[in-house]
Structure formats: structure tokens, C-alpha cells
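Before any comments, here is the structure.
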Amino acid sequence: MVWNKLIMAKHRFIYWQFFNSQFLTRDHLSRFISIISSLCPVCDLALESHSHLFLDCLFSRRLFGEISSWLGIFKWPSSQVELQEWCFSATRDLKHQILNVFYAAALYFIWKNRNNCIFELACYNISSVSSEIRKVVKCRILGLGLHRVSKMDSYLINIVEGW
Ligand SMILES: [Zn+2]
């Protein structure tokens with residue numbers, strides 16, 4: 001599912017990096033070089049680790065809350081392993097395809113926001129990020145001209161069209 005063509009190429013790369021724990025978060029960096037702070041550059045409240053940034057950071061948690069307003073009730077995975085297991089068990093169902101595009105986009109924007117906090121000293125607005133993710137998911141799902149093969153697909157496409 002990580003290399004699915006529905007996912008934008010730059011999102012796919014981040015998705016793959018997430019599963020391979022390849023981000024140079026500060027906990028990882030501090031093992032090799034001396035850095036001023038190991039705290040998360042987004043919230044400044046905890047050690048910046050892979051799991052903190054993508055799963056526990058205040059920004060990420062608020063973003064998931066905001067996303068629930070248009071995606072519906074969903075549970076963001078509590079660990080990398082949980083998302084990995086979901087990914088391996090996901091089917092070609094449209095619901096899974098939508099979630100897959102969403103997960104990749106959310107991870108991408110969380111990482112992008114983190115970098116913006118470091119290099120531009122500014123955190124993105126959560127509503128804007130949520131809206132950007134919604135646009136990406138909508139565009140990818142509707143843009144590839146999926147065929148409405150079942151009532152459920154038709155129902156889901158109607159929901160996505162309304163985003
Ligand atoms: Zn944080």
C-alpha cells in the first residue's frame with residue numbers, strides 16, 4: 001500500500017521513511033552530533049523522537065482531532081507497528097484506499113510542519129493543514145476516475161465529492 005499510485009510521489013517517500021524509521025529526528029541526530037536542544041521543535045515539550053512527532057505531539061493530536069470533522073471518526077494508529085499492520089492487511093477496497101492516501105498525506109504534512117518549525121520558525125495553522133490534506137485526498141481519489149463498482153463505493157465517492 002505504501003507505493004500505491006493513488007498516493008502522491010512525495011507522500012509515498014515520507015510514508016516509506018516512516019515505516020523504516022528513517023527520519024533524522026533530534027533523538028537520533030544527538031547520537032551523532034552535538035545539538036542545542038533535543039526537544040521537539042513543534043511543541044517544545046518532549047524529546048523529539050519518531051513516535052513523539054508522528055503519534056504523540058500536541059500538533060499531531062490536534063490535527064487528528066480537526067481531521068475527524070471531515071473524515072469522520074477515525075483512530076490514528078497508536079504506534080508505527082499498528083499502522084504497518086493496517087497497511088499490510090489493507091485491501092483494494094475504496095475505503096482502505098482513501099485511508100491509505102490520507103495516512104500518507106498526514107505523515108507528509110506532519111513532517112513538513114516540523115521542518116517549517118525549524119527552518120522558518122513558524123508552525124502551520126492546524127485548520128489549514130487539515131484542509132490541505134482533505135484537498136489532496138479528494139483530488140487523488142476523484143482525479144483517477146475510479147469506477148463506481150458497488151453501492152458502498154458510490155456512497156464513499158459522494159462523501160469525498162462533498163469535501
Ligand atoms: Zn512535539
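So you can find residues: chains in the C-alpha cells are A, B, ... in the order shown, residues in each start at 1, and ligands are numbered from 1 in order.
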
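Residues surrounding Pro41 of chain A within 7 Å are Arg114, Cys117 and Ile118 of chain A [only C-alpha atoms; sequence separation below 4 positions excluded].
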
For this session: Do a neighbour search on segment 141-146 of chain A at 12 Å with only C-alpha atoms, toss out local chain neighbours closer than 4 positions, and write the hits as an MDAnalysis selection string.
Result: chainID A and resid 4:8 92:102 134:137 150 153:154 156:163

Show me which residues sit within 7 Å of ligand 1 when counting only C-alpha atoms and all ligand atoms, and put them as a PDB file with N, CA, C and O atoms, in the first residue's frame.
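Just written: pocket.pdb:
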ATOM      1  N   CYS A  40      11.313  18.553  20.937  1.00  0.00           N
ATOM      2  CA  CYS A  40      10.528  18.606  19.702  1.00  0.00           C
ATOM      3  C   CYS A  40      10.427  20.063  19.231  1.00  0.00           C
ATOM      4  O   CYS A  40      10.018  20.930  20.007  1.00  0.00           O
ATOM      5  N   PRO A  41      10.808  20.350  17.993  1.00  0.00           N
ATOM      6  CA  PRO A  41      10.765  21.735  17.506  1.00  0.00           C
ATOM      7  C   PRO A  41       9.344  22.256  17.289  1.00  0.00           C
ATOM      8  O   PRO A  41       9.139  23.446  17.084  1.00  0.00           O
ATOM      9  N   VAL A  42       8.375  21.363  17.367  1.00  0.00           N
ATOM     10  CA  VAL A  42       6.980  21.771  17.148  1.00  0.00           C
ATOM     11  C   VAL A  42       6.333  22.211  18.463  1.00  0.00           C
ATOM     12  O   VAL A  42       5.822  23.319  18.580  1.00  0.00           O
ATOM     13  N   CYS A  43       6.396  21.355  19.479  1.00  0.00           N
ATOM     14  CA  CYS A  43       5.721  21.681  20.746  1.00  0.00           C
ATOM     15  C   CYS A  43       6.700  22.124  21.828  1.00  0.00           C
ATOM     16  O   CYS A  43       6.291  22.736  22.812  1.00  0.00           O
ATOM     17  N   ASP A  44       7.956  21.753  21.674  1.00  0.00           N
ATOM     18  CA  ASP A  44       8.983  22.121  22.651  1.00  0.00           C
ATOM     19  C   ASP A  44       8.703  21.524  24.036  1.00  0.00           C
ATOM     20  O   ASP A  44       9.122  22.073  25.053  1.00  0.00           O
ATOM     21  N   LEU A  45       7.988  20.417  24.064  1.00  0.00           N
ATOM     22  CA  LEU A  45       7.582  19.839  25.349  1.00  0.00           C
ATOM     23  C   LEU A  45       8.173  18.471  25.645  1.00  0.00           C
ATOM     24  O   LEU A  45       8.153  18.022  26.793  1.00  0.00           O
ATOM     25  N   ALA A  46       8.657  17.798  24.622  1.00  0.00           N
ATOM     26  CA  ALA A  46       9.166  16.441  24.832  1.00  0.00           C
ATOM     27  C   ALA A  46      10.333  16.175  23.897  1.00  0.00           C
ATOM     28  O   ALA A  46      10.526  16.894  22.911  1.00  0.00           O
ATOM     29  N   GLU A  48      12.285  14.966  20.951  1.00  0.00           N
ATOM     30  CA  GLU A  48      11.779  14.693  19.608  1.00  0.00           C
ATOM     31  C   GLU A  48      12.222  13.309  19.157  1.00  0.00           C
ATOM     32  O   GLU A  48      13.396  13.081  18.869  1.00  0.00           O
ATOM     33  N   HIS A  52       7.152  10.308  19.013  1.00  0.00           N
ATOM     34  CA  HIS A  52       6.579  11.541  19.561  1.00  0.00           C
ATOM     35  C   HIS A  52       6.011  12.402  18.437  1.00  0.00           C
ATOM     36  O   HIS A  52       4.859  12.825  18.485  1.00  0.00           O
ATOM     37  N   LEU A  53       6.835  12.669  17.442  1.00  0.00           N
ATOM     38  CA  LEU A  53       6.442  13.580  16.374  1.00  0.00           C
ATOM     39  C   LEU A  53       5.179  13.123  15.642  1.00  0.00           C
ATOM     40  O   LEU A  53       4.253  13.906  15.442  1.00  0.00           O
ATOM     41  N   CYS A  57       2.775  14.097  19.521  1.00  0.00           N
ATOM     42  CA  CYS A  57       2.972  15.548  19.592  1.00  0.00           C
ATOM     43  C   CYS A  57       1.615  16.272  19.640  1.00  0.00           C
ATOM     44  O   CYS A  57       0.646  15.859  19.001  1.00  0.00           O
ATOM     45  N   LEU A  58       1.591  17.342  20.391  1.00  0.00           N
ATOM     46  CA  LEU A  58       0.373  18.139  20.538  1.00  0.00           C
ATOM     47  C   LEU A  58      -0.184  18.553  19.177  1.00  0.00           C
ATOM     48  O   LEU A  58      -1.393  18.479  18.932  1.00  0.00           O
ATOM     49  N   PHE A  59       0.708  18.981  18.300  1.00  0.00           N
ATOM     50  CA  PHE A  59       0.276  19.414  16.960  1.00  0.00           C
ATOM     51  C   PHE A  59      -0.421  18.262  16.231  1.00  0.00           C
ATOM     52  O   PHE A  59      -1.504  18.432  15.672  1.00  0.00           O
TER      53      PHE A  59
END

For this session: Rank nothing, just name the residue among A:Ser68, A:Ser38, A:Ser79, A:Ser89 nearest to Ser131 of chain A, using only C-alpha atoms.
Result: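 The answer is A:Ser68, which sits nearest to Ser131 of chain A.
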
For this session: Take atom CA of Arg31 of chain A and atom CA of His50 of chain A and report the distance between them in Å, one decimal.
Result: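 Taking atom CA of Arg31 of chain A as the start and atom CA of His50 of chain A as the end point, the length is 14.2 Å.
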
Problem set entry | Residues of segment 13-145 of chain A in helix (DSSP H, G or I), written as a PyMOL selection string | chain A and resi 13-19+26-29+50-56+58-71+80-89+94-119+126-143

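Closest to Ser60 of chain A among A:Phe13, A:Cys139, A:Ile110, A:Val2 is A:Ile110, based on only C-alpha atoms.
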
Problem set entry | Coordinates-based distance that separates atom CA of Gln17 of chain A from atom CA of Gly72 of chain A (Å, one decimal) | 26.8 Å

Exercise. Excluding same-chain residues fewer than 6 positions from Ile33 of chain A, what lies within 12 Å of it counting only C-alpha atoms, as a list in words?
Worked result: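 After dropping sequence-adjacent residues, the list is Leu24, Arg26 and Asp27 of chain A.
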
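Taking atom CA of Met152 of chain A as the reference point, atom CA of Trp3 of chain A is found at 24.5 Å.
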